[in-house]
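Novice: Okay, here's the structure, questions in a sec.
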Amino acid sequence: MKSVVDVHDVSFAYGDSPALEDVSLTVEKGDFLGLVGPNGSGKTTLLHVMLGLLEPDTGTVELFGQPVDSFDEGERIGYVSQKATDRGGTMPVTVRECVLMGRFAHVGHGRIGDEDRLITEDALETVGIADLADQQMNQLSGGQRQRAYIARALASEADLLALDEPTVGVDAESRDEFYRLLDSLNRSGITIILIEHDIGVVTDRAGRIACINTELYHHGDTESFVESNALSEAYGKTGEVVHHHH
Ligand code: ADP
């Protein structure tokens with residue numbers, strides 16, 4: 001079976017400063033991969049390379065078995081960037097309209113129909129924001145806006161969700177709820193890649209961990225990560241570990 005993402009020997013530098021060196025990893029269908037590492041360790045860069053938003057200097061990336069530079073099924077990927085919680089740049093549309101846009105890839109030159117509207121309502125229900133459907137996107141809290149983007153990805157029938165620190169600025173209770181939502185989406189078969197600075201949260205939720213600090217320090221299941229020295233090695237190079245306390 002084809003991997004969802006296949007990163008092979010990738011290096012990337014911003015000018016003269018290397019952000020990724022010889023990183024290879026694969027994400028398989030149904031994985032819940034936590035991407036961890038200190039601040040500035042290249043997590044967002046790696047995610048951008050994986051999704052074809054940045055071209056690696058060397059190495060190759062495949063998405064769903066296709067070279068990323070010719071990949072043309074964007075609707076299969078839901079990407080919620082770090083900026084998703086920001087109000088700035090939000091489109092002047094309602095939540096329902098935003099989610100309905102997820103259907104555009106599927107209607108071709110046809111028109112949005114009843115089925116598209118049903119799928120949209122379903123997606124709003126699934127992420128728990130059906131009651132906010134008529135609000136403007138810019139009226140939502142950061143956490144609610146994240147959910148709207150996830151609903152849009154569900155409406156577009158994405159099978160990969162990539163999330164970059166989705167709960168920054170979200171209160172603890174909403175965060176727990178958010179991770180329960182991710183769990184259930186993952187159980188329904190959606191592959192998840194999650195950047196999260198709180199190590200405890202990721203090791204609780206993700207089945208697999210990639211730990212980077214420019215180079216890859218660990219890629220494998222969460223248990224072997226917890227038992228390994230990868231975390232201290234990766235963090236030892238620069239920063240401090242954020243531990244989650246229950
Ligand atoms: P992380 O997501 O782990 O915090 P990033 O991938 O954002 O790390 O950044 C990795 C390194 O690349 C950091 O040293 C950062 O300062 C640098 N960097 C990130 N984006 C840019 C950019 N657009 N231009 C130059 N340097 C960048």
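Just remember, in the structure tokens the first chain shown is A, the second B, etc., residues are 1-based per chain, and ligands are 1-based in the order shown.
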How close does each residue of chain A get to ligand 1, giving the shortest atom pair and distance in Å to one decimal for every residue with an atom at most 10 Å away, counting only C-alpha atoms and all ligand atoms, sorted by chain and residue number, as CSV?

Specialist:
```
residue,atom,partner,partner_atom_place_in_ligand_line,distance
A:Phe12,CA,ligand 1,12 (O),9.2
A:Ala13,CA,ligand 1,12 (O),7.6
A:Tyr14,CA,ligand 1,25 (C),4.9
A:Gly15,CA,ligand 1,25 (C),7.2
A:Asp16,CA,ligand 1,25 (C),9.3
A:Ser17,CA,ligand 1,12 (O),7.3
A:Pro18,CA,ligand 1,12 (O),7.3
A:Ala19,CA,ligand 1,11 (C),4.9
A:Leu20,CA,ligand 1,10 (C),7.9
A:Leu35,CA,ligand 1,3 (O),9.0
A:Val36,CA,ligand 1,3 (O),7.6
A:Gly37,CA,ligand 1,3 (O),6.1
A:Pro38,CA,ligand 1,3 (O),6.0
A:Asn39,CA,ligand 1,4 (O),4.0
A:Gly40,CA,ligand 1,8 (O),3.4
A:Ser41,CA,ligand 1,3 (O),3.8
A:Gly42,CA,ligand 1,6 (O),3.2
A:Lys43,CA,ligand 1,3 (O),3.8
A:Thr44,CA,ligand 1,2 (O),3.7
A:Thr45,CA,ligand 1,6 (O),3.7
A:Leu46,CA,ligand 1,6 (O),6.5
A:Leu47,CA,ligand 1,6 (O),8.0
A:His48,CA,ligand 1,6 (O),8.4
A:Val49,CA,ligand 1,6 (O),9.8
A:Gln82,CA,ligand 1,2 (O),9.4
A:Asp164,CA,ligand 1,2 (O),8.1
A:Glu165,CA,ligand 1,2 (O),8.9
A:Ile195,CA,ligand 1,2 (O),7.9
A:Glu196,CA,ligand 1,2 (O),9.4
A:His197,CA,ligand 1,3 (O),8.8
A:Ile212,CA,ligand 1,3 (O),8.0
A:Asn213,CA,ligand 1,3 (O),7.5
A:Thr214,CA,ligand 1,10 (C),7.6
```

Novice: Within 7 Å of A:Asp9, counting only C-alpha atoms, which residues show up once you throw out same-chain ones fewer than 5 positions away? Write them as a list in words, please.

Specialist: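 These residues fall inside the cut-off: Asp22, Val23, Ser24, Gly59 and Thr60 of chain A.
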
Novice: Just checking: using only C-alpha atoms, which residue out of A:Ala234, A:Ala158, A:Val127, A:Ile119 ends up closest to A:Arg145?

Specialist: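 Going through A:Ala234, A:Ala158, A:Val127, A:Ile119 one by one, the smallest distance to A:Arg145 is for A:Val127.
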
Novice: Give the strand (DSSP E or B) residues of stretch 87-222 of chain A, as assigned by DSSP on the backbone, as a count of residues only.

Specialist: 25

Novice: Could you pull out the residues in stretch 78-157 of chain A that DSSP calls alpha helix (DSSP H) from the backbone, as number ranges by chain?

Specialist: A: 95-100, 104-107, 114-126, 142-155

Novice: Find the residue from A:Gly207, A:Ser188, A:Gln146, A:Ser228 that sits nearest to A:Ala84; use only C-alpha atoms when measuring.

Specialist: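 Among the listed residues, A:Gln146 lies closest to A:Ala84.
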
Novice: Could you give me, as a PyMOL selection string, the residues within 10 Å of stretch 185-187 of chain A, counting only C-alpha atoms and dropping anything in the same chain fewer than 4 positions from it?

Specialist: chain A and resi 29-32+126-127+154+159-161+179-181+191-192+206
